[in-house]
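Coordinates from protein_7.cif are shown below (mmCIF, C-alpha atoms).
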```cif
data_run
loop_
_atom_site.label_atom_id
_atom_site.label_comp_id
_atom_site.auth_asym_id
_atom_site.auth_seq_id
_atom_site.Cartn_x
_atom_site.Cartn_y
_atom_site.Cartn_z
CA MET V 24 0.00 0.00 0.00
CA ARG V 25 1.46 3.32 -1.11
CA ILE V 26 1.09 6.26 1.25
CA ASN V 27 0.09 9.58 -0.24
CA PRO V 28 3.13 11.93 -0.36
CA LEU V 29 0.94 14.68 1.10
CA THR V 30 0.15 12.44 4.10
CA ILE V 31 3.88 11.83 4.61
CA LYS V 32 4.48 15.56 4.46
CA LYS V 33 1.81 16.20 7.08
CA PHE V 34 3.24 13.54 9.38
CA LYS V 35 6.74 15.01 9.06
CA ARG V 36 5.28 18.41 9.85
CA PHE V 37 3.61 16.97 12.98
CA LYS V 38 6.82 15.23 14.03
CA SER V 39 8.75 18.47 13.68
CA ILE V 40 6.49 20.06 16.30
CA LYS V 41 8.36 18.53 19.23
CA ARG V 42 5.90 19.56 21.93
CA GLY V 43 3.04 17.76 20.22
CA TYR V 44 5.10 14.77 19.10
CA TYR V 45 6.51 14.02 22.56
CA SER V 46 3.08 14.60 24.08
CA LEU V 47 1.75 11.93 21.75
CA LEU V 48 4.43 9.51 22.94
CA VAL V 49 3.61 10.24 26.59
CA PHE V 50 -0.12 9.95 26.00
CA SER V 51 0.31 6.67 24.11
CA PHE V 52 2.38 5.35 27.00
CA LEU V 53 -0.37 6.30 29.47
CA ILE V 54 -2.97 4.54 27.33
CA LEU V 55 -0.79 1.43 27.15
CA VAL V 56 -0.25 1.42 30.91
CA SER V 57 -3.97 1.76 31.57
CA LEU V 58 -4.88 -1.03 29.14
CA PHE V 59 -2.54 -3.43 30.92
CA GLY V 60 -3.08 -1.91 34.34
CA GLU V 61 -3.64 -5.30 35.95
CA LEU V 62 0.02 -6.12 35.39
CA LEU V 63 1.09 -3.08 37.43
CA VAL V 64 -1.77 -2.47 39.86
CA ASN V 65 -3.71 -5.49 41.07
CA SER V 66 -4.36 -7.47 44.23
CA ARG V 67 -3.89 -10.69 42.25
CA ALA V 68 -0.40 -12.07 41.78
CA LEU V 69 1.24 -12.06 38.37
CA LEU V 70 2.75 -15.49 38.92
CA VAL V 71 2.67 -18.10 41.69
CA ASN V 72 5.03 -21.04 41.93
CA TYR V 73 3.55 -23.67 44.27
CA ASN V 74 4.92 -27.19 44.60
CA GLY V 75 6.58 -27.00 41.20
CA ARG V 76 3.47 -25.78 39.40
CA LEU V 77 2.98 -22.28 37.97
CA TYR V 78 -0.26 -20.30 38.33
CA PHE V 79 -1.23 -17.11 36.47
CA PRO V 80 -4.00 -15.51 38.56
CA THR V 81 -4.05 -12.03 36.99
CA TYR V 82 -6.17 -12.72 33.93
CA GLY V 83 -7.52 -16.09 34.99
CA GLN V 84 -10.38 -17.26 37.16
CA MET V 85 -10.53 -16.88 40.92
CA ILE V 86 -8.20 -19.33 42.69
CA SER V 87 -9.33 -20.59 46.07
CA GLY V 88 -6.98 -20.37 49.04
CA LYS V 89 -7.19 -24.14 49.50
CA VAL V 90 -5.32 -24.61 46.22
CA PHE V 91 -2.25 -23.16 47.97
CA GLY V 92 -2.76 -25.05 51.22
CA LEU V 93 -4.71 -22.31 53.02
CA ASP V 94 -7.79 -22.94 55.16
CA TYR V 95 -10.43 -20.94 53.24
CA ASP V 96 -12.44 -21.35 49.99
CA TYR V 97 -12.61 -17.71 48.90
CA GLU V 98 -10.04 -16.01 46.68
CA THR V 99 -6.45 -16.17 47.80
CA ASN V 100 -4.92 -13.17 49.52
CA TYR V 101 -1.69 -13.12 47.55
CA ARG V 102 0.06 -10.58 49.77
CA ASP V 103 -0.42 -12.86 52.76
CA LEU V 104 0.52 -15.86 50.66
CA ALA V 105 3.82 -14.20 49.69
CA LYS V 106 4.58 -13.52 53.38
CA ARG V 107 3.76 -17.12 54.30
CA PHE V 108 6.02 -18.54 51.58
CA LYS V 109 8.81 -16.22 52.71
CA GLU V 110 8.41 -17.26 56.36
CA ASP V 111 8.37 -20.95 55.43
CA LYS V 112 11.61 -20.49 53.44
CA SER V 113 10.34 -22.98 50.88
CA ASP V 114 10.86 -23.12 47.12
CA ASN V 115 7.39 -21.64 46.61
CA TRP V 116 7.20 -17.97 45.68
CA VAL V 117 4.77 -15.25 44.58
CA LEU V 118 5.42 -12.47 42.04
CA LEU V 119 3.23 -9.48 42.91
CA PRO V 120 2.52 -6.36 40.80
CA MET V 121 4.25 -3.07 41.55
CA VAL V 122 1.15 -1.97 43.49
CA PRO V 123 -0.44 -5.09 45.02
CA TYR V 124 -3.88 -3.55 45.59
CA ASN V 125 -7.01 -3.34 43.45
CA PRO V 126 -9.02 -0.08 43.23
CA PHE V 127 -11.91 -1.46 45.33
CA GLU V 128 -9.90 -2.94 48.19
CA ASN V 129 -9.94 -1.39 51.68
CA ASP V 130 -6.57 -1.66 53.38
CA LEU V 131 -7.41 -0.76 56.98
CA LYS V 132 -5.36 -0.70 60.19
CA ASP V 133 -6.33 -1.58 63.76
CA ASP V 134 -5.01 1.55 65.42
CA LYS V 135 -5.60 4.26 62.76
CA TYR V 136 -8.34 5.61 60.55
CA PRO V 137 -7.88 6.35 56.82
CA PRO V 138 -6.85 8.24 54.82
CA PHE V 139 -3.27 7.07 55.19
CA PRO V 140 -0.33 9.06 53.76
CA PRO V 141 2.00 7.71 51.05
CA SER V 142 4.09 4.77 52.22
CA PHE V 143 6.73 2.95 50.17
CA SER V 144 7.02 0.18 52.74
CA GLU V 145 3.33 -0.67 52.40
CA LYS V 146 3.41 0.07 48.64
CA HIS V 147 0.78 2.79 48.88
CA TYR V 148 2.92 5.12 46.78
CA LEU V 149 0.26 7.85 46.63
CA GLY V 150 -1.44 7.01 49.91
CA THR V 151 -5.04 5.89 50.42
CA ASP V 152 -8.39 7.62 50.26
CA THR V 153 -10.87 8.15 53.09
CA ILE V 154 -11.91 4.50 53.20
CA GLY V 155 -8.48 2.95 52.74
CA ARG V 156 -8.41 2.36 48.97
CA ASP V 157 -5.11 2.82 47.14
CA ILE V 158 -5.08 6.14 45.29
CA PHE V 159 -2.58 5.02 42.64
CA ALA V 160 -4.90 2.13 41.75
CA ARG V 161 -7.93 4.45 41.66
CA ILE V 162 -6.09 6.88 39.37
CA ILE V 163 -4.90 4.22 36.91
CA TYR V 164 -8.27 2.51 36.62
CA GLY V 165 -10.07 5.85 36.67
CA PHE V 166 -7.92 6.98 33.75
CA ARG V 167 -8.90 3.87 31.78
CA ILE V 168 -12.59 4.47 32.44
CA ALA V 169 -12.30 8.16 31.55
CA MET V 170 -10.48 7.41 28.28
CA GLY V 171 -12.92 4.67 27.34
CA PHE V 172 -15.80 7.04 28.07
CA SER V 173 -14.22 9.84 26.02
CA PHE V 174 -13.43 7.68 23.00
CA ILE V 175 -16.87 6.05 22.89
CA LEU V 176 -18.53 9.44 23.32
CA LEU V 177 -16.28 10.81 20.57
CA LEU V 178 -17.30 8.00 18.21
CA VAL V 179 -21.01 8.55 18.85
CA ASN V 180 -20.85 12.35 18.61
CA TYR V 181 -18.78 12.32 15.43
CA SER V 182 -20.90 9.64 13.79
CA ILE V 183 -24.00 11.78 14.28
CA GLY V 184 -22.35 15.13 13.73
CA VAL V 185 -20.40 14.26 10.58
CA THR V 186 -23.32 12.44 8.96
CA LEU V 187 -26.00 15.01 9.75
CA GLY V 188 -23.71 17.97 9.08
CA CYS V 189 -22.76 16.64 5.64
CA LEU V 190 -26.40 16.01 4.75
CA MET V 191 -27.42 19.49 5.88
CA GLY V 192 -24.63 21.13 3.92
CA PHE V 193 -25.07 18.97 0.81
CA TRP V 194 -28.85 19.00 0.48
CA GLY V 195 -29.50 22.43 1.98
CA GLY V 196 -32.96 23.92 1.47
CA LYS V 197 -35.83 22.91 3.77
CA PHE V 198 -33.89 19.92 5.11
CA ASP V 199 -31.10 22.20 6.30
CA LEU V 200 -33.51 24.82 7.62
CA PHE V 201 -35.52 22.25 9.60
CA PHE V 202 -32.47 20.83 11.38
CA GLN V 203 -31.05 24.29 12.01
CA ARG V 204 -34.15 25.20 13.99
CA MET V 205 -34.15 21.82 15.77
CA ILE V 206 -30.52 22.23 16.83
CA GLU V 207 -31.10 25.80 18.01
CA ILE V 208 -34.02 24.65 20.18
CA TRP V 209 -32.18 21.60 21.53
CA ALA V 210 -29.06 23.66 22.30
CA ASN V 211 -31.10 25.78 24.73
CA VAL V 212 -32.04 22.77 26.89
CA PRO V 213 -29.94 23.01 30.12
CA PHE V 214 -27.67 19.99 30.08
CA LEU V 215 -26.91 19.96 33.82
CA TYR V 216 -30.61 20.07 34.74
CA VAL V 217 -31.26 17.05 32.53
CA ILE V 218 -28.49 15.16 34.35
CA ILE V 219 -29.90 16.14 37.76
CA ILE V 220 -33.42 15.04 36.80
CA ILE V 221 -32.25 11.70 35.42
CA ALA V 222 -29.94 11.10 38.40
CA SER V 223 -32.87 11.68 40.75
CA ILE V 224 -34.89 8.99 38.98
CA VAL V 225 -32.26 6.33 38.22
CA THR V 226 -28.63 5.80 39.17
CA PRO V 227 -26.57 6.78 36.09
CA ASN V 228 -24.20 4.14 34.75
CA PHE V 229 -21.59 4.14 32.00
CA ILE V 230 -24.08 3.61 29.14
CA THR V 231 -26.61 6.06 30.56
CA LEU V 232 -24.01 8.82 30.77
CA ILE V 233 -22.81 8.10 27.22
CA ILE V 234 -26.38 8.45 25.92
CA ILE V 235 -27.05 11.65 27.88
CA MET V 236 -23.75 13.25 26.86
CA ALA V 237 -24.24 12.21 23.23
CA MET V 238 -27.67 13.84 23.22
CA PHE V 239 -25.96 17.21 23.65
CA GLY V 240 -22.44 16.63 22.30
CA TRP V 241 -23.05 16.14 18.57
CA MET V 242 -24.15 19.68 17.73
CA GLY V 243 -20.71 21.31 17.55
CA MET V 244 -19.40 18.89 14.93
CA THR V 245 -22.69 19.13 13.03
CA TRP V 246 -22.33 22.89 12.60
CA GLN V 247 -18.69 22.54 11.58
CA MET V 248 -19.38 19.83 8.98
CA ARG V 249 -22.41 21.70 7.64
CA THR V 250 -20.33 24.82 6.97
CA THR V 251 -17.44 22.83 5.49
CA THR V 252 -19.72 20.78 3.25
CA TYR V 253 -21.40 23.92 1.91
CA LYS V 254 -17.98 25.17 0.87
CA GLU V 255 -16.73 21.86 -0.51
CA LYS V 256 -19.80 21.07 -2.61
CA ALA V 257 -19.15 24.19 -4.69
CA ARG V 258 -15.65 22.97 -5.63
CA GLU V 259 -14.85 21.89 -9.17
CA TYR V 260 -14.16 18.27 -8.20
CA VAL V 261 -17.72 17.89 -6.84
CA LEU V 262 -19.21 19.44 -9.97
CA ALA V 263 -17.07 17.11 -12.09
CA ALA V 264 -18.25 14.09 -10.09
CA LYS V 265 -21.89 15.14 -10.63
CA THR V 266 -21.26 15.58 -14.35
CA LEU V 267 -19.84 12.04 -14.51
CA GLY V 268 -23.02 10.71 -12.91
CA ALA V 269 -21.73 9.95 -9.40
CA SER V 270 -24.45 9.41 -6.81
CA ASN V 271 -24.89 11.72 -3.84
CA THR V 272 -23.67 8.97 -1.50
CA ARG V 273 -20.48 8.52 -3.49
CA ILE V 274 -19.88 12.26 -3.67
CA ILE V 275 -20.28 12.64 0.10
CA PHE V 276 -18.27 9.62 1.22
CA LYS V 277 -15.69 9.41 -1.57
CA HIS V 278 -15.03 13.08 -2.22
CA ILE V 279 -16.35 15.54 0.37
CA ILE V 280 -15.57 13.71 3.63
CA PRO V 281 -12.01 12.71 2.55
CA ASN V 282 -11.32 16.38 1.84
CA THR V 283 -12.66 17.42 5.24
CA ILE V 284 -10.87 14.69 7.21
CA SER V 285 -8.20 17.13 8.36
CA ILE V 286 -10.84 19.26 10.05
CA ILE V 287 -12.38 16.20 11.74
CA VAL V 288 -9.01 14.94 12.99
CA THR V 289 -8.07 18.40 14.26
CA TYR V 290 -11.02 18.47 16.67
CA ILE V 291 -10.51 14.93 18.03
CA PRO V 292 -7.93 15.70 20.78
CA PHE V 293 -9.99 18.61 22.09
CA SER V 294 -13.11 16.45 22.11
CA VAL V 295 -11.23 13.78 24.09
CA SER V 296 -10.12 16.32 26.71
CA GLY V 297 -13.67 17.67 26.83
CA GLY V 298 -15.02 14.18 27.53
CA ILE V 299 -12.50 13.66 30.36
CA VAL V 300 -13.36 17.00 31.96
CA ALA V 301 -17.11 16.41 31.59
CA LEU V 302 -17.00 12.98 33.25
CA THR V 303 -14.71 14.23 36.03
CA SER V 304 -17.00 17.20 36.67
CA LEU V 305 -20.13 15.03 36.85
CA ASP V 306 -18.41 12.60 39.21
CA TYR V 307 -17.27 15.49 41.39
CA LEU V 308 -20.83 16.82 41.61
CA GLY V 309 -22.18 13.35 42.40
CA PHE V 310 -24.12 12.91 39.14
CA GLY V 311 -21.60 10.66 37.39
CA LEU V 312 -20.67 7.01 37.66
CA PRO V 313 -22.00 5.15 40.71
CA ALA V 314 -19.77 4.15 43.61
CA PRO V 315 -17.41 2.36 43.94
CA THR V 316 -16.35 2.96 40.32
CA PRO V 317 -12.79 4.41 40.18
CA SER V 318 -13.23 8.07 39.34
CA TRP V 319 -11.03 11.15 39.24
CA GLY V 320 -14.00 13.35 40.10
CA GLU V 321 -14.77 11.31 43.20
CA LEU V 322 -11.13 11.62 44.31
CA LEU V 323 -11.30 15.38 43.78
CA GLN V 324 -14.39 15.53 45.94
CA GLN V 325 -12.60 13.56 48.68
CA GLY V 326 -9.60 15.87 48.43
CA TRP V 327 -11.79 18.94 48.76
CA ALA V 328 -13.54 17.48 51.81
CA ASN V 329 -10.21 16.42 53.40
CA MET V 330 -7.75 19.22 52.72
CA ASN V 331 -5.41 17.94 55.43
CA ALA V 332 -4.92 14.75 53.37
CA TYR V 333 -2.97 16.66 50.73
CA TRP V 334 -1.98 13.53 48.83
CA ILE V 335 -5.53 12.86 47.63
CA ALA V 336 -6.16 16.13 45.79
CA SER V 337 -2.55 16.64 44.67
CA SER V 338 -2.34 13.17 43.09
CA VAL V 339 -5.47 13.47 40.97
CA ILE V 340 -4.77 17.11 40.04
CA LEU V 341 -1.28 16.13 38.84
CA ALA V 342 -2.78 13.26 36.81
CA MET V 343 -5.33 15.60 35.23
CA VAL V 344 -2.74 18.28 34.44
CA ILE V 345 -0.46 15.75 32.71
CA THR V 346 -3.31 14.18 30.73
CA LEU V 347 -5.03 17.37 29.63
CA THR V 348 -1.74 19.12 28.83
CA THR V 349 -0.53 16.30 26.60
CA VAL V 350 -3.90 16.08 24.83
CA THR V 351 -3.95 19.84 24.28
CA PHE V 352 -0.40 19.86 22.87
CA ILE V 353 -1.30 16.97 20.55
CA GLY V 354 -4.35 18.87 19.33
CA GLU V 355 -2.35 22.03 18.66
CA ALA V 356 0.30 20.08 16.76
CA ILE V 357 -2.30 18.26 14.66
CA ARG V 358 -4.07 21.51 13.87
CA GLU V 359 -0.83 23.09 12.71
CA ALA V 360 0.31 20.02 10.77
CA LEU V 361 -3.03 19.70 8.95
CA ASP V 362 -3.49 23.42 8.38
CA PRO V 363 -5.45 23.70 5.11
CA LYS V 364 -3.48 26.85 4.28
CA LEU V 365 -0.38 24.67 4.02
CA HIS V 366 -1.96 21.60 2.38
CA THR V 367 -4.76 21.35 -0.16
CA THR V 368 -6.20 18.15 -1.64
CA TYR V 369 -8.82 17.77 -4.34
CA GLU V 370 -9.87 14.48 -5.91
#
```
Structure rendered as C-alpha cells:
Amino acid sequence: MRINPLTIKKFKRFKSIKRGYYSLLVFSFLILVSLFGELLVNSRALLVNYNGRLYFPTYGQMISGKVFGLDYDYETNYRDLAKRFKEDKSDNWVLLPMVPYNPFENDLKDDKYPPFPPSFSEKHYLGTDTIGRDIFARIIYGFRIAMGFSFILLLVNYSIGVTLGCLMGFWGGKFDLFFQRMIEIWANVPFLYVIIIIASIVTPNFITLIIIMAMFGWMGMTWQMRTTTYKEKAREYVLAAKTLGASNTRIIFKHIIPNTISIIVTYIPFSVSGGIVALTSLDYLGFGLPAPTPSWGELLQQGWANMNAYWIASSVILAMVITLTTVTFIGEAIREALDPKLHTTYE
C-alpha cells in the first residue's frame, strides 16, 4: 500500500512540532499502561510457583486459598501468601505487581483511621483515600474508564455530527432549515438540569451517561461539517463528479468527507479532553458514575472534603494536568500540521 506523499508531508510536519510529538508519545504510553493496568496495579499475583506448578492468577479465574494449602475457599490473599512462603523459606514464591492492591480494596489498620499518607514500605505510593483504597490504583483505573468514556462518546458524537452535518450542507434547502431550527431549540435545553433530573430517577451508569452526553455533544461537529460541506460542494471536483453521474452517496463519502478529514481529525484531541473534563465534573458533583467505580471526580471531591490529606487532591490534580496538557499539545500540533493553508487536496 502506497502512502500519499501529502500524508507523509503532514506527518513530518507533525513530528517536527516537538511539543506535540513528545506529548503523543507520553499519551500513548499512558494509554498502554492503563490497558494493561492489571500487570502493574492489582491485588492478584502475576505469577505463583507452588509445589513445582505455575499459576497465572491475573487474567484467569478466581483461585481458592485451598489450592495453595490455606484454610479458606474464597479467593487467595496473595500478599499474605507471599509472606507465608517467605516465612516458610520454601521453594514456593509469589510475584506481585508493583502496586499489590485493586481499586476497590480497603486496606485498613487496627489503630488508625484512613486516609493514610504515602508509604513505600506498604506500597501505597500515593497514599489511600478516606476508606483505605489505594489512590494510585484508583487513578490508573479511573484513567482507563475516563479514556474509554471519552473515545466512545467521541465515536457517537462524530458519527452523528459528521453524517448530519454533511447532509445538511449537501442537500440544503428545507432539510437544512428544519435541522437548524431543531438544533437551536435543543441547544437551549440546560444539560446539567437534565443530568440532575435523570440522576434523581435512576442511578446513572456508563451507558446512561454516554447516551445523555451524546444527546448534547453532537451539535458542535454538526455545525462545523455543515459549513465545510457547503464550501466543498461548490468545488470543481464535486461538480465534475456530478457531471460524470456519481451518486450523492459517493460524492459525500468518496469526495467531500475525505477532503474534510483534516478538520475532523483536528477536533478529536480537544473532544477527548472535553469528555474527560465532563465525566470528572459530573463525578465530582455526584451525578456521574455510581460508587465504587474508580473516578477522578470522586477523588477530587474527597480531596476537597479532606484538605489535610494533601496527597488525595494533589495526586489526581497532577494526573489531570499531565493528561489534559498532553492532549492539548497533541491537538495544537495536529491543527498546525493539517493546516489547510499549508496543504490542499482535491480528488
Practice item. Considering only C-alpha atoms, return as a PyMOL selection string whatever protein or nucleic-acid residues lie within 12 Å of Tyr253 (chain V), sequence-local ones (same chain, fewer than 3 positions apart) excluded. Key: chain V and resi 188-196+199+246-250+256-258+261+275+279-280+283
Proximity of region 112-204 of chain V to region 296-312 of chain V: per-residue shortest pair, 7 Å limit, only C-alpha atoms, as a Markdown table:
```
| residue | atom | partner | partner_atom | distance |
| --- | --- | --- | --- | --- |
| V:Ala169 | CA | V:Ile299 | CA | 5.6 |
| V:Met170 | CA | V:Ile299 | CA | 6.9 |
| V:Ser173 | CA | V:Gly298 | CA | 4.7 |
```
What's around Ser113 (chain V) at 12 Å? Count all atoms listed in the file, leave out sequence neighbours fewer than 3 positions away in its own chain, and write the answer as a PDB file with C-alpha atoms, in the frame of the given file.
```
ATOM      1  CA  ASN V  72       5.030 -21.040  41.930  1.00  0.00           C
ATOM      2  CA  TYR V  73       3.550 -23.670  44.270  1.00  0.00           C
ATOM      3  CA  ASN V  74       4.920 -27.190  44.600  1.00  0.00           C
ATOM      4  CA  GLY V  75       6.580 -27.000  41.200  1.00  0.00           C
ATOM      5  CA  ALA V 105       3.820 -14.200  49.690  1.00  0.00           C
ATOM      6  CA  LYS V 106       4.580 -13.520  53.380  1.00  0.00           C
ATOM      7  CA  ARG V 107       3.760 -17.120  54.300  1.00  0.00           C
ATOM      8  CA  PHE V 108       6.020 -18.540  51.580  1.00  0.00           C
ATOM      9  CA  LYS V 109       8.810 -16.220  52.710  1.00  0.00           C
ATOM     10  CA  GLU V 110       8.410 -17.260  56.360  1.00  0.00           C
ATOM     11  CA  TRP V 116       7.200 -17.970  45.680  1.00  0.00           C
ATOM     12  CA  VAL V 117       4.770 -15.250  44.580  1.00  0.00           C
TER      13      VAL V 117
END
```
Review point. Between V:Ile335, V:Thr245, V:Leu262, V:Ile162, which has the minimum distance to Val56 (chain V) (counting all atoms listed in the file)?
Key: V:Ile162
Check your understanding: Care to translate the PyMOL selection byres ((chain V and resi 240) around 12) into actual residues of this file, as a ChimeraX atom specification?
Key -> /V:173,175-184,206,209-210,214,232-239,241-246,294-295,297-298,301
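The shortest atom-to-atom distance to His278 (chain V), with all atoms listed in the file taken into account, belongs to V:Tyr260 out of V:Tyr260, V:Pro292, V:Ile357, V:Arg161.
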Exercise for review: Compare V:Asn125, V:Ser66, V:Thr231, V:Asn271 by their minimum atom-to-atom distance to Thr151 (chain V), counting only C-alpha atoms, and give me the closest one.
Suggested key: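 Using only C-alpha atoms, the shortest distance to Thr151 (chain V) belongs to V:Asn125.
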Practice item. Rank nothing, just name the residue among V:Thr30, V:Asn129, V:Ser87, V:Thr153 nearest to Glu321 (chain V), using only C-alpha atoms. Key: V:Thr153
Check your understanding: In terms of the shortest atom-to-atom distance over all atoms listed in the file, which of V:Thr316, V:Asn211, V:Asn228, V:Thr351 is closest to Thr289 (chain V)?
Key ->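 Answer, going by the shortest atom-to-atom distance: V:Thr351.
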Point to revise | Contact residues around Asp157 (chain V) with all atoms listed in the file at 7 Å, ignoring same-chain residues under 3 positions, as a list of chain:residue names | key: V:Tyr124, V:Pro126, V:His147, V:Gly150, V:Thr151, V:Asp152, V:Ala160, V:Arg161
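Here CA of Ala263 (chain V) stands at a distance of 20.4 Å from CA of Ile284 (chain V).
Rounded to one decimal, CA of Ala269 (chain V) and CA of Asp362 (chain V) lie 28.8 Å from each other.
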For this structure, which residues satisfy the selection - the PyMOL selection byres ((chain V and resi 345) around 12) - when it is evaluated on the file as given? I want them as a compact mmCIF listing (two decimals) with C-alpha atoms, in the frame of the given file.
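Produced file expr.txt, reproduced below:
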```
# COMPACT_ATOMS: atom_id res chain seq x y z
CA SER V 46 3.08 14.60 24.08
CA LEU V 47 1.75 11.93 21.75
CA VAL V 49 3.61 10.24 26.59
CA PHE V 50 -0.12 9.95 26.00
CA LEU V 53 -0.37 6.30 29.47
CA PHE V 166 -7.92 6.98 33.75
CA SER V 296 -10.12 16.32 26.71
CA SER V 338 -2.34 13.17 43.09
CA VAL V 339 -5.47 13.47 40.97
CA ILE V 340 -4.77 17.11 40.04
CA LEU V 341 -1.28 16.13 38.84
CA ALA V 342 -2.78 13.26 36.81
CA MET V 343 -5.33 15.60 35.23
CA VAL V 344 -2.74 18.28 34.44
CA THR V 346 -3.31 14.18 30.73
CA LEU V 347 -5.03 17.37 29.63
CA THR V 348 -1.74 19.12 28.83
CA THR V 349 -0.53 16.30 26.60
CA VAL V 350 -3.90 16.08 24.83
CA THR V 351 -3.95 19.84 24.28
CA PHE V 352 -0.40 19.86 22.87
```
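The space between CA of Asp114 (chain V) and CA of Val90 (chain V) spans 16.3 Å.
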Check your understanding: Mind telling me what the PyMOL selection byres ((chain V and resi 148) around 10) catches here, as number ranges by chain?
Key -> V: 121-122, 140-147, 149-151, 157-160, 334
Now that the selection is made, can you save its residues with C-alpha atoms as a PDB file, keeping the file's coordinate frame?
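Writing done, so here's again_3.pdb:
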```
ATOM      1  CA  MET V 121       4.250  -3.070  41.550  1.00  0.00           C
ATOM      2  CA  VAL V 122       1.150  -1.970  43.490  1.00  0.00           C
ATOM      3  CA  PRO V 140      -0.330   9.060  53.760  1.00  0.00           C
ATOM      4  CA  PRO V 141       2.000   7.710  51.050  1.00  0.00           C
ATOM      5  CA  SER V 142       4.090   4.770  52.220  1.00  0.00           C
ATOM      6  CA  PHE V 143       6.730   2.950  50.170  1.00  0.00           C
ATOM      7  CA  SER V 144       7.020   0.180  52.740  1.00  0.00           C
ATOM      8  CA  GLU V 145       3.330  -0.670  52.400  1.00  0.00           C
ATOM      9  CA  LYS V 146       3.410   0.070  48.640  1.00  0.00           C
ATOM     10  CA  HIS V 147       0.780   2.790  48.880  1.00  0.00           C
ATOM     11  CA  LEU V 149       0.260   7.850  46.630  1.00  0.00           C
ATOM     12  CA  GLY V 150      -1.440   7.010  49.910  1.00  0.00           C
ATOM     13  CA  THR V 151      -5.040   5.890  50.420  1.00  0.00           C
ATOM     14  CA  ASP V 157      -5.110   2.820  47.140  1.00  0.00           C
ATOM     15  CA  ILE V 158      -5.080   6.140  45.290  1.00  0.00           C
ATOM     16  CA  PHE V 159      -2.580   5.020  42.640  1.00  0.00           C
ATOM     17  CA  ALA V 160      -4.900   2.130  41.750  1.00  0.00           C
ATOM     18  CA  TRP V 334      -1.980  13.530  48.830  1.00  0.00           C
TER      19      TRP V 334
END
```
Write out as a short mmCIF file (atom, residue, chain, number, x, y, z; two decimals) with C-alpha atoms, keeping the file's coordinate frame which residues come within 10 Å of Lys32 (chain V) when counting all atoms listed in the file, dropping same-chain ones fewer than 5 positions away.
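Okay, this is what ended up in selection_23.cif:
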```cif
data_model
loop_
_atom_site.label_atom_id
_atom_site.label_comp_id
_atom_site.auth_asym_id
_atom_site.auth_seq_id
_atom_site.Cartn_x
_atom_site.Cartn_y
_atom_site.Cartn_z
CA ASN V 27 0.09 9.58 -0.24
CA PHE V 37 3.61 16.97 12.98
CA LYS V 38 6.82 15.23 14.03
CA ALA V 360 0.31 20.02 10.77
CA LEU V 361 -3.03 19.70 8.95
CA HIS V 366 -1.96 21.60 2.38
#
```
Exercise for review: Please identify all polymer residues within 7 Å of Pro123 (chain V), counting only C-alpha atoms, omitting same-chain residues fewer than 3 positions from it, and present them as a list in words.
Suggested key: Val64, Asn65, Ser66, Leu119 and Pro120 of chain V
Review point. In terms of the shortest atom-to-atom distance over only C-alpha atoms, which of V:Gly354, V:Gly92, V:Pro80, V:Pro28 is closest to Leu118 (chain V)?
Key: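 Ranking V:Gly354, V:Gly92, V:Pro80, V:Pro28 by distance to Leu118 (chain V), first place goes to V:Pro80.
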